[in-house]
$ cat start.txt   # compact mmCIF, C-alpha atoms and all ligand atoms
# COMPACT_ATOMS: atom_id res chain seq x y z
CA MET F 29 -52.14 161.65 161.41
CA GLY F 30 -50.27 159.49 163.85
CA SER F 31 -52.71 156.86 165.00
CA LYS F 32 -49.82 154.92 166.54
CA ARG F 33 -48.85 157.57 169.08
CA LEU F 34 -51.00 156.19 171.88
CA MET F 35 -50.08 152.61 171.07
CA LEU F 36 -46.39 153.42 171.41
CA GLN F 37 -46.98 154.36 175.04
CA ASN F 38 -49.04 151.22 175.63
CA GLY F 39 -47.15 148.14 174.59
CA LEU F 40 -45.90 148.80 171.07
CA GLY F 41 -43.08 151.02 172.33
CA SER F 42 -41.89 148.52 174.93
CA LEU F 43 -42.04 145.68 172.39
CA ILE F 44 -39.83 147.66 170.00
CA LYS F 45 -37.37 148.51 172.79
CA GLU F 46 -37.24 144.87 173.92
CA GLU F 47 -36.79 143.30 170.49
CA ALA F 48 -34.71 145.83 168.56
CA PRO F 49 -31.40 145.00 170.35
CA GLN F 50 -31.49 141.53 168.74
CA TYR F 51 -31.60 142.99 165.20
CA GLY F 52 -29.50 145.06 162.83
CA ARG F 53 -32.03 147.56 161.41
CA PHE F 54 -35.57 148.67 162.13
CA VAL F 55 -37.57 148.94 158.88
CA ASP F 56 -40.98 150.63 158.89
CA LEU F 57 -42.63 149.59 155.61
CA PHE F 58 -45.76 151.81 155.85
CA SER F 59 -44.41 154.76 157.77
CA GLY F 60 -47.30 157.28 157.33
CA ALA F 61 -47.00 160.03 159.96
CA SER F 62 -43.73 158.36 161.04
CA PHE F 63 -44.25 158.30 164.80
CA VAL F 64 -43.11 154.68 164.96
CA ALA F 65 -40.00 155.34 162.85
CA TRP F 66 -39.19 158.36 165.07
CA PHE F 67 -39.70 156.28 168.20
CA ALA F 68 -37.37 153.52 167.03
CA ALA F 69 -34.72 156.03 165.92
CA GLN F 70 -34.82 157.89 169.25
CA ASN F 71 -35.09 154.89 171.54
CA THR F 72 -32.83 152.30 169.91
CA ASP F 73 -29.32 152.46 168.49
CA LYS F 74 -30.43 150.74 165.27
CA GLN F 75 -30.52 152.29 161.85
CA VAL F 76 -34.13 153.08 160.93
CA VAL F 77 -35.36 152.82 157.36
CA ALA F 78 -38.83 154.27 156.67
CA VAL F 79 -40.75 153.38 153.51
CA ASP F 80 -44.03 154.79 152.22
CA LEU F 81 -45.72 155.46 148.88
CA GLN F 82 -46.20 159.11 149.78
CA LYS F 83 -43.56 161.80 149.78
CA TYR F 84 -45.00 163.69 152.73
CA SER F 85 -44.32 160.64 154.85
CA LYS F 86 -40.68 160.52 153.73
CA ILE F 87 -40.23 164.18 154.72
CA LEU F 88 -41.78 163.61 158.15
CA ALA F 89 -39.65 160.52 158.75
CA ASP F 90 -36.39 162.07 157.55
CA SER F 91 -36.90 165.15 159.71
CA VAL F 92 -35.99 162.99 162.72
CA ILE F 93 -34.42 159.69 161.60
CA ASN F 94 -31.93 161.32 159.24
CA ARG F 95 -30.40 163.50 161.98
CA THR F 96 -28.22 162.67 164.99
CA SER F 97 -28.28 166.03 166.79
CA SER F 98 -30.78 168.72 167.69
CA ILE F 99 -31.48 171.74 165.48
CA ASP F 100 -30.88 175.40 166.35
CA ILE F 101 -34.33 176.94 166.06
CA ALA F 102 -33.26 180.53 166.79
CA SER F 103 -31.35 180.68 163.50
CA LEU F 104 -34.31 179.15 161.60
CA GLU F 105 -36.52 181.88 162.95
CA GLN F 106 -34.17 184.47 161.41
CA ILE F 107 -33.24 182.84 158.11
CA TRP F 108 -36.62 181.35 157.37
CA ILE F 109 -39.74 182.32 159.32
CA LYS F 110 -39.16 186.08 159.55
CA LYS F 111 -38.17 186.35 155.88
CA ALA F 112 -41.18 184.37 154.71
CA ILE F 113 -43.64 186.43 156.77
CA ALA F 114 -42.14 189.74 155.61
CA ALA F 115 -42.19 188.74 151.92
CA CYS F 116 -45.75 187.42 152.19
CA GLN F 117 -47.17 190.46 153.98
CA LYS F 118 -45.73 192.80 151.36
CA THR F 119 -47.78 191.27 148.55
CA LYS F 120 -50.96 192.82 147.16
CA LEU F 121 -52.73 189.46 147.34
CA TYR F 122 -52.06 189.19 151.06
CA GLN F 123 -53.30 192.70 151.74
CA GLU F 124 -56.48 192.14 149.69
CA ALA F 125 -57.10 188.84 151.45
CA LYS F 126 -56.46 190.32 154.89
CA SER F 127 -58.98 193.11 154.46
CA LEU F 128 -61.67 190.72 153.13
CA GLU F 129 -61.02 188.15 155.87
CA GLY F 130 -61.49 190.88 158.48
CA LYS F 131 -65.21 191.09 157.59
CA THR F 132 -67.92 188.72 158.85
CA LEU F 133 -67.54 185.28 157.29
CA THR F 134 -70.78 184.77 155.34
CA GLN F 135 -71.38 182.34 152.48
CA GLU F 136 -71.02 185.29 150.10
CA ARG F 137 -67.70 186.28 151.68
CA ILE F 138 -66.36 182.76 151.29
CA LYS F 139 -67.31 182.86 147.61
CA GLU F 140 -65.50 186.19 147.28
CA LEU F 141 -62.42 184.78 149.00
CA ARG F 142 -62.45 181.73 146.73
CA LEU F 143 -62.68 184.03 143.74
CA LEU F 144 -59.75 186.07 145.03
CA CYS F 145 -57.68 182.87 145.18
CA THR F 146 -58.25 182.27 141.47
CA LYS F 147 -55.93 185.26 140.83
CA LYS F 148 -52.60 183.80 139.77
CA SER F 149 -49.86 183.56 142.40
CA ASN F 150 -46.41 182.24 141.56
CA ALA F 151 -45.28 182.03 145.18
CA GLY F 152 -46.26 178.38 145.62
CA PRO F 153 -49.06 175.86 144.98
CA LEU F 154 -51.39 176.45 147.94
CA TRP F 155 -52.98 179.82 147.18
CA ASN F 156 -54.50 178.72 143.86
CA ALA F 157 -55.13 175.10 144.82
CA TYR F 158 -56.54 175.36 148.33
CA GLY F 159 -57.04 179.04 149.26
CA GLY F 160 -60.66 179.64 150.36
CA HIS F 161 -61.14 175.87 150.71
CA TYR F 162 -58.82 173.99 153.09
CA PHE F 163 -57.13 177.20 154.20
CA SER F 164 -58.04 180.87 154.39
CA PRO F 165 -56.38 182.91 151.66
CA THR F 166 -53.88 184.45 154.10
CA GLN F 167 -53.03 181.04 155.59
CA SER F 168 -52.46 179.53 152.16
CA LEU F 169 -50.27 182.43 151.03
CA LEU F 170 -48.23 182.20 154.22
CA PHE F 171 -47.67 178.49 153.60
CA ASP F 172 -46.58 179.29 150.05
CA TYR F 173 -44.01 181.80 151.29
CA LEU F 174 -42.80 179.42 153.99
CA LEU F 175 -42.18 176.89 151.19
CA LYS F 176 -40.54 179.50 148.96
CA TYR F 177 -38.11 180.57 151.69
CA LEU F 178 -37.16 177.10 152.96
CA PRO F 179 -33.48 177.07 153.99
CA SER F 180 -31.05 175.63 151.44
CA ASP F 181 -29.18 173.41 153.92
CA LYS F 182 -30.59 169.91 153.31
CA THR F 183 -31.14 168.95 156.95
CA GLN F 184 -32.69 172.28 157.90
CA ARG F 185 -34.84 172.22 154.78
CA THR F 186 -36.27 168.79 155.62
CA VAL F 187 -37.04 169.81 159.20
CA CYS F 188 -38.72 173.06 158.10
CA LEU F 189 -40.73 171.32 155.36
CA SER F 190 -41.91 168.68 157.81
CA VAL F 191 -43.02 171.43 160.18
CA VAL F 192 -45.03 173.11 157.39
CA ILE F 193 -46.70 169.76 156.65
CA MET F 194 -47.60 169.22 160.31
CA THR F 195 -48.87 172.79 160.69
CA ALA F 196 -51.01 172.56 157.55
CA SER F 197 -52.47 169.32 158.83
CA LYS F 198 -53.47 171.11 162.07
CA CYS F 199 -54.94 174.14 160.25
CA ALA F 200 -56.92 172.39 157.49
CA ALA F 201 -60.64 173.20 157.47
CA SER F 202 -61.61 169.57 157.01
CA PRO F 203 -62.81 166.75 159.24
CA GLY F 204 -59.68 165.03 160.55
CA HIS F 205 -57.87 164.58 157.24
CA THR F 206 -57.81 166.30 153.88
CA ALA F 207 -60.22 164.21 151.79
CA GLN F 208 -62.66 167.12 151.51
CA PRO F 209 -62.78 170.61 152.96
CA PHE F 210 -65.80 171.82 154.96
CA GLN F 211 -68.33 173.58 152.76
CA PRO F 212 -69.90 176.91 153.81
CA THR F 213 -73.25 175.42 154.80
CA ARG F 214 -75.24 176.77 157.72
CA THR F 215 -73.94 174.07 160.06
CA ALA F 216 -70.33 173.70 158.82
CA LYS F 217 -69.51 177.40 158.49
CA LYS F 218 -68.43 177.56 162.14
CA PHE F 219 -65.80 174.87 161.50
CA ILE F 220 -64.39 176.88 158.62
CA ARG F 221 -64.26 179.97 160.83
CA GLU F 222 -62.52 178.01 163.58
CA ALA F 223 -59.89 176.59 161.21
CA TRP F 224 -59.28 179.84 159.38
CA ASN F 225 -58.81 181.69 162.68
CA LYS F 226 -55.81 179.51 163.53
CA ASP F 227 -52.49 181.30 163.36
CA PRO F 228 -50.17 179.08 161.28
CA ILE F 229 -47.05 180.80 162.58
CA GLU F 230 -47.96 180.18 166.21
CA ILE F 231 -48.60 176.49 165.48
CA LEU F 232 -45.50 176.22 163.30
CA LYS F 233 -43.24 177.52 166.07
CA VAL F 234 -44.58 174.97 168.55
CA GLU F 235 -44.10 172.15 166.02
CA LEU F 236 -40.60 173.36 165.21
CA GLU F 237 -39.60 173.48 168.85
CA GLN F 238 -40.82 169.92 169.36
CA ILE F 239 -39.24 168.42 166.27
CA ALA F 240 -35.91 170.25 166.70
CA LYS F 241 -35.11 168.37 169.89
CA LYS F 242 -35.91 164.92 168.46
CA TYR F 243 -33.10 163.07 166.70
CA ALA F 244 -31.87 159.56 165.95
CA GLN F 245 -29.22 157.69 167.90
CA ARG F 246 -28.01 156.45 164.52
CA LYS F 247 -28.59 158.12 161.15
CA GLY F 248 -31.35 156.45 159.14
CA ARG F 249 -33.14 157.19 155.89
CA ALA F 250 -36.62 157.37 154.43
CA ILE F 251 -37.64 156.46 150.91
CA VAL F 252 -40.71 156.75 148.70
CA LEU F 253 -41.25 153.22 147.46
CA ASP F 254 -43.77 150.41 147.36
CA ALA F 255 -43.30 148.15 150.41
CA GLN F 256 -43.42 145.10 148.10
CA ARG F 257 -40.44 146.42 146.19
CA PHE F 258 -38.45 147.28 149.29
CA ALA F 259 -39.07 143.78 150.68
CA SER F 260 -36.57 142.32 148.21
CA GLN F 261 -33.83 144.41 149.89
CA LEU F 262 -34.55 143.09 153.39
CA LYS F 263 -32.02 141.12 155.43
CA GLU F 264 -32.29 138.30 157.94
CA THR F 265 -31.16 140.71 160.65
CA ASP F 266 -34.00 143.21 160.02
CA LEU F 267 -36.86 143.88 162.40
CA VAL F 268 -39.69 144.96 160.10
CA PHE F 269 -42.65 147.00 161.29
CA ILE F 270 -45.86 146.60 159.29
CA ASP F 271 -48.89 148.82 159.85
CA PRO F 272 -50.60 148.28 156.50
CA PRO F 273 -53.62 150.21 155.21
CA TYR F 274 -56.94 149.10 156.63
CA SER F 275 -59.04 151.54 154.63
CA GLY F 276 -60.69 150.61 151.35
CA VAL F 277 -60.17 154.20 150.24
CA GLN F 278 -56.71 155.17 149.00
CA TYR F 279 -54.67 157.04 151.62
CA SER F 280 -53.51 159.41 148.90
CA ARG F 281 -57.10 160.67 148.78
CA PHE F 282 -56.95 161.63 152.46
CA TYR F 283 -53.52 163.20 152.37
CA HIS F 284 -53.31 164.87 148.95
CA VAL F 285 -52.93 168.36 150.47
CA LEU F 286 -49.93 167.27 152.54
CA GLU F 287 -48.51 165.56 149.47
CA THR F 288 -48.77 168.80 147.45
CA ILE F 289 -46.87 170.61 150.22
CA ALA F 290 -44.18 167.93 150.29
CA ARG F 291 -43.75 168.08 146.51
CA GLY F 292 -43.98 171.89 146.40
CA LYS F 293 -46.18 171.76 143.32
CA VAL F 294 -49.27 170.31 141.69
CA GLN F 295 -48.78 169.16 138.15
CA SER F 296 -52.41 168.83 137.10
CA GLU F 297 -55.55 170.94 137.43
CA ILE F 298 -57.02 170.82 140.93
CA GLU F 299 -60.58 169.60 140.65
CA GLY F 300 -63.91 169.12 142.39
CA ILE F 301 -65.16 169.60 145.86
CA GLY F 302 -62.14 167.79 147.37
CA ARG F 303 -59.70 169.95 145.34
CA TYR F 304 -57.85 166.81 144.20
CA PRO F 305 -55.03 166.72 141.72
CA SER F 306 -55.48 164.11 138.96
CA ILE F 307 -55.42 160.45 139.99
CA LYS F 308 -52.02 160.07 138.28
CA GLU F 309 -50.56 162.26 141.01
CA ARG F 310 -52.12 160.19 143.80
CA PRO F 311 -50.26 156.93 144.54
CA GLN F 312 -52.52 153.88 144.41
CA SER F 313 -52.04 150.94 146.76
CA LYS F 314 -53.21 147.35 146.34
CA PHE F 315 -53.57 147.27 150.12
CA SER F 316 -56.47 149.74 149.86
CA ASN F 317 -58.26 147.77 147.18
CA VAL F 318 -60.86 145.30 148.49
CA GLY F 319 -60.18 142.84 145.67
CA GLN F 320 -56.38 142.93 146.07
CA SER F 321 -55.60 143.57 149.74
CA ARG F 322 -55.47 139.93 150.85
CA GLU F 323 -53.13 138.87 148.08
CA ALA F 324 -51.00 141.99 148.59
CA LEU F 325 -50.47 141.17 152.29
CA ASP F 326 -49.87 137.50 151.53
CA ASN F 327 -47.24 138.36 148.90
CA LEU F 328 -45.54 140.86 151.17
CA LEU F 329 -45.35 138.47 154.12
CA GLU F 330 -44.05 135.72 151.85
CA LYS F 331 -41.27 138.00 150.58
CA ILE F 332 -40.29 138.97 154.12
CA ALA F 333 -40.39 135.35 155.26
CA MET F 334 -38.10 134.36 152.39
CA LYS F 335 -35.60 136.92 153.69
CA LYS F 336 -36.00 135.41 157.19
CA ALA F 337 -36.57 138.82 158.76
CA SER F 338 -38.80 139.23 161.84
CA VAL F 339 -41.94 141.34 161.93
CA ILE F 340 -44.02 143.43 164.28
CA LEU F 341 -47.44 143.77 162.67
CA THR F 342 -50.39 145.88 163.81
CA PHE F 343 -53.92 145.73 162.45
CA PRO F 344 -57.46 146.49 163.71
CA ALA F 345 -58.78 143.41 165.53
CA GLY F 346 -62.19 143.64 163.87
CA SER F 347 -63.14 143.97 160.21
CA ALA F 348 -61.59 146.67 158.08
CA SER F 349 -63.03 148.39 155.02
CA ASN F 350 -60.29 147.08 152.71
CA GLY F 351 -61.67 143.56 153.16
CA LEU F 352 -59.08 142.41 155.70
CA SER F 353 -59.72 141.77 159.40
CA GLY F 354 -57.64 140.96 162.45
CA ARG F 355 -58.53 137.29 162.03
CA LYS F 356 -57.58 137.18 158.33
CA VAL F 357 -54.33 138.99 159.02
CA GLN F 358 -53.45 136.43 161.71
CA ASN F 359 -54.24 133.55 159.38
CA ILE F 360 -52.05 134.96 156.61
CA SER F 361 -49.27 135.65 159.13
CA ARG F 362 -49.38 132.06 160.42
CA LYS F 363 -48.86 130.78 156.90
CA TRP F 364 -45.38 132.34 156.74
CA PHE F 365 -44.30 133.02 160.32
CA LYS F 366 -44.37 131.72 163.83
CA VAL F 367 -46.65 133.99 165.85
CA ASN F 368 -44.32 134.60 168.74
CA ARG F 369 -46.48 137.04 170.65
CA ARG F 370 -50.01 138.30 170.22
CA LYS F 371 -51.47 141.24 172.10
CA ILE F 372 -54.44 143.50 171.82
CA PHE F 373 -54.17 147.21 172.33
CA THR F 374 -57.28 149.10 173.38
CA LYS F 375 -57.72 152.76 174.16
CA PHE F 376 -58.74 151.85 177.68
CA SER F 377 -56.04 149.46 178.73
CA THR F 378 -52.37 148.67 178.51
CA LEU F 379 -51.15 145.42 177.01
CA GLY F 380 -51.83 143.02 179.81
CA GLY F 381 -52.87 139.39 180.02
CA ASN F 382 -56.51 140.43 180.30
CA ASN F 383 -56.58 141.87 176.80
CA GLU F 384 -57.79 138.82 174.99
CA ILE F 385 -58.98 138.75 171.41
CA ARG F 386 -62.55 138.29 172.65
CA ASP F 387 -62.49 141.66 174.44
CA ALA F 388 -60.99 143.34 171.45
CA ARG F 389 -63.75 142.17 169.17
CA LYS F 390 -66.17 143.92 171.45
CA ASN F 391 -64.33 147.20 171.71
CA ARG F 392 -62.52 147.02 168.37
CA GLY F 393 -59.00 147.06 169.69
CA GLU F 394 -55.87 146.75 167.65
CA LEU F 395 -53.86 143.60 167.19
CA ILE F 396 -50.10 143.52 167.73
CA LEU F 397 -48.30 140.45 166.43
CA PHE F 398 -44.62 139.65 166.82
CA LEU F 399 -43.67 137.25 164.03
CA THR F 400 -40.45 135.29 163.76
CA PRO F 401 -39.28 133.19 160.80
CA LYS F 402 -40.26 129.56 160.40
CA LYS F 403 -39.08 127.21 157.72
CA VAL F 404 -41.17 128.04 154.66
CA LYS F 405 -41.32 126.83 151.11
CA PRO F 406 -41.82 129.51 148.48
CA SER F 407 -45.24 129.36 146.77
CA LYS F 408 -45.21 128.47 143.07
C1 LIG S 501 -52.13 152.62 158.21
S1 LIG S 501 -51.12 153.82 157.46
C2 LIG S 501 -49.64 153.77 158.36
C3 LIG S 501 -49.75 154.65 159.53
C4 LIG S 501 -48.49 154.92 160.28
N1 LIG S 501 -47.99 153.75 160.97
C5 LIG S 501 -48.82 156.04 161.25
O1 LIG S 501 -48.82 155.83 162.46
O2 LIG S 501 -49.11 157.12 160.75
C6 LIG S 501 -50.69 153.14 155.99
C7 LIG S 501 -49.62 153.89 155.20
O3 LIG S 501 -49.18 153.00 154.18
C8 LIG S 501 -48.88 153.71 153.02
N2 LIG S 501 -48.95 152.73 151.92
C9 LIG S 501 -50.03 152.19 151.34
N3 LIG S 501 -49.67 151.25 150.45
C10 LIG S 501 -48.34 151.17 150.48
C11 LIG S 501 -47.39 150.38 149.80
N4 LIG S 501 -47.75 149.47 148.91
N5 LIG S 501 -46.08 150.55 150.09
C12 LIG S 501 -45.68 151.48 151.00
N6 LIG S 501 -46.55 152.27 151.68
C13 LIG S 501 -47.86 152.12 151.43
C14 LIG S 501 -49.89 154.83 152.97
O4 LIG S 501 -49.40 155.89 152.19
C15 LIG S 501 -50.05 155.16 154.47
O5 LIG S 501 -49.17 156.19 154.82

$ encode --input "start.txt" --output "structure tokens" --more "lines below"
Ligand SMILES: C[S@@+](CC[C@H](N)C(=O)[O-])C[C@H]1O[C@@H](n2cnc3c(N)ncnc32)[C@H](O)[C@@H]1O
Amino acid sequence: MGSKRLMLQNGLGSLIKEEAPQYGRFVDLFSGASFVAWFAAQNTDKQVVAVDLQKYSKILADSVINRTSSIDIASLEQIWIKKAIAACQKTKLYQEAKSLEGKTLTQERIKELRLLCTKKSNAGPLWNAYGGHYFSPTQSLLFDYLLKYLPSDKTQRTVCLSVVIMTASKCAASPGHTAQPFQPTRTAKKFIREAWNKDPIEILKVELEQIAKKYAQRKGRAIVLDAQRFASQLKETDLVFIDPPYSGVQYSRFYHVLETIARGKVQSEIEGIGRYPSIKERPQSKFSNVGQSREALDNLLEKIAMKKASVILTFPAGSASNGLSGRKVQNISRKWFKVNRRKIFTKFSTLGGNNEIRDARKNRGELILFLTPKKVKPSK
């Protein structure tokens, strides 16, 4: 999560701070982990609107952009965390899980723990869906109780839910995202042990402390919607941020665990090695489809150009697995906009004059384009 964090400190952040004052709103059309939406909300006095197909992204965005003051974490500790832990630790399932988890983690033990998690729990969705897979049984039950005891106040609830999402993402026994959990093979068992040894409450408190002090200068909002559909609501005075998918695999496949947490339930049977819910519950994007991504970006940029809004667009400079590339993205952008500024971000350098496209092709940097309206005719 949050691939844009480093980029914000190296060029993207200063571009947003420089340009935002000329516009009315900052609209992030593919908000994902929401670091860019948070940045704009904290560092500019513009209203931030964050859009994404996935609900977990809306929760993360709203936890900062929808608030204009800090949050009192001492009271959340009392009314939420302590209650959830106490209720969880009282359960028979927790006690059974705790005693089994205390023994050496062998392949057999993992099978036993997975079997334990097939016992029905009504506390929340994680125990039955992911216990013994992405999370240890005790971790998953704790997450369920944290969800069950979320505060009723809307703002507090959003902040606490976002913190559970971030904590789960840090605890998951999977390689970097939640497409598939580690399996108890001879080589991967140590990664399961490492992840299951993490204390969710310790991580959660750190996350809560960090998020509580972040807030927007002006109250914004996040919505779950297709970027194409939101584009028809854009205004000439909007500064639109576009960080579209570059993967040919649907993002909902990578983040389905976080999505379950955000929704608080899974409607369908969880299946297979990846523990996925049915495809109907996983939003599908044309931008992650090799045959449709080019047209999807073209249509989106056309819609934005018709509204005469300006755009900051980021995309990998090289080729991406969804069939797009930095070069193709620039060509499509030029069709509808004037490319006002073009920079390359690399891990090793800030955005200076020496970061030419040629260098980026070598080290696979990321393109940043600032696009302003030009006179365009709508396509037929
Ligand atoms: C490259 S990621 C954005 C990453 C984000 N800037 C960050 O730093 O985490 C792409 C995001 O676009 C979302 N997405 C994909 N297709 C979309 C669509 N048609 N409309 C809105 N969001 C979409 C995905 O759910 C994913 O969160």

$ atom_distance --input "start.txt" --atom1 "atom CA of Lys111 of chain F" --atom2 "atom CA of Ala250 of chain F"
29.1 Å

$ residues_near_ligand --input "start.txt" --ligand "ligand LIG 501 (chain S)" --cutoff "6 Å" --atoms "all atoms listed in the file" --output "ChimeraX atom specification"
/F:29-32,57-63,79-82,253-255,271-273,279,313,315

$ residues_around --input "start.txt" --residues "Ile229 of chain F" --least-positions-apart "5" --cutoff "9 Å" --atoms "all atoms listed in the file" --output "short mmCIF file (atom, residue, chain, number, x, y, z; two decimals) with C-alpha atoms, in the frame of the given file"
data_model
loop_
_atom_site.label_atom_id
_atom_site.label_comp_id
_atom_site.auth_asym_id
_atom_site.auth_seq_id
_atom_site.Cartn_x
_atom_site.Cartn_y
_atom_site.Cartn_z
CA ILE F 109 -39.74 182.32 159.32
CA ILE F 113 -43.64 186.43 156.77
CA LEU F 170 -48.23 182.20 154.22
CA THR F 195 -48.87 172.79 160.69
CA VAL F 234 -44.58 174.97 168.55
#

$ residues_around --input "start.txt" --residues "Arg95 of chain F" --least-positions-apart "4" --cutoff "8 Å" --atoms "only C-alpha atoms" --output "MDAnalysis selection string"
chainID F and resid 90:91 183 243:244 246:248

$ residues_around --input "start.txt" --residues "Leu286 of chain F" --least-positions-apart "5" --cutoff "12 Å" --atoms "all atoms listed in the file" --output "JSON, numbers by chain"
{"F": [29, 60, 61, 82, 83, 84, 85, 86, 87, 88, 153, 154, 158, 162, 171, 189, 190, 191, 192, 193, 194, 195, 196, 197, 198, 199, 200, 205, 206, 207, 279, 280, 281, 291, 292, 293, 294, 304, 305, 310]}

$ axis_aligned_box --input "start.txt" --around "segment 181-187 of chain F" --padding-each-side "4 Å" --output "lines of an AutoDock Vina configuration file"
center_x = -33.1
center_y = 171.1
center_z = 156.3
size_x = 15.9
size_y = 12.6
size_z = 13.9

$ residues_around --input "start.txt" --residues "Arg142 of chain F" --least-positions-apart "4" --cutoff "8 Å" --atoms "all atoms listed in the file" --output "short mmCIF file (atom, residue, chain, number, x, y, z; two decimals) with C-alpha atoms, in the frame of the given file"
data_model
loop_
_atom_site.label_atom_id
_atom_site.label_comp_id
_atom_site.auth_asym_id
_atom_site.auth_seq_id
_atom_site.Cartn_x
_atom_site.Cartn_y
_atom_site.Cartn_z
CA ILE F 138 -66.36 182.76 151.29
CA THR F 146 -58.25 182.27 141.47
CA GLY F 159 -57.04 179.04 149.26
CA GLY F 160 -60.66 179.64 150.36
CA HIS F 161 -61.14 175.87 150.71
CA PRO F 165 -56.38 182.91 151.66
#

$ closest_residue --input "start.txt" --among "F:Ile289, F:Leu232, F:Val318, F:Ala223" --to "Gly204 of chain F" --atoms "all atoms listed in the file"
F:Ala223

$ residues_near_point --input "start.txt" --point "(-43.0, 140.1, 171.4)" --cutoff "7 Å" --atoms "all atoms listed in the file" --output "list of chain:residue names"
F:Leu43, F:Asn368, F:Arg369, F:Phe398

$ residues_around --input "start.txt" --residues "Ser361 of chain F" --least-positions-apart "5" --cutoff "10 Å" --atoms "only C-alpha atoms" --output "PyMOL selection string"
chain F and resi 325-326+329-330+333+339+341+355-356+366-367+397-400

$ atom_distance --input "start.txt" --atom1 "atom CA of Thr134 of chain F" --atom2 "atom CA of Pro212 of chain F"
8.1 Å

$ atom_distance --input "start.txt" --atom1 "atom CA of Phe269 of chain F" --atom2 "atom CA of Val77 of chain F"
10.1 Å

$ closest_residue --input "start.txt" --among "F:Lys335, F:Glu105, F:Phe219, F:Pro401" --to "Lys363 of chain F" --atoms "only C-alpha atoms"
F:Pro401

$ closest_residue --input "start.txt" --among "F:Ser103, F:Ser149, F:Ser97, F:Ser42" --to "Cys116 of chain F" --atoms "all atoms listed in the file"
F:Ser149

$ closest_residue --input "start.txt" --among "F:Asp181, F:Asp56, F:Asp172, F:Glu264" --to "Ala290 of chain F" --atoms "only C-alpha atoms"
F:Asp172

$ closest_residue --input "start.txt" --among "F:Trp224, F:Trp66, F:Phe210, F:Tyr51" --to "Lys336 of chain F" --atoms "only C-alpha atoms"
F:Tyr51

$ closest_residue --input "start.txt" --among "F:Leu395, F:Ile301, F:Val252, F:Ile360" --to "Gly346 of chain F" --atoms "only C-alpha atoms"
F:Leu395
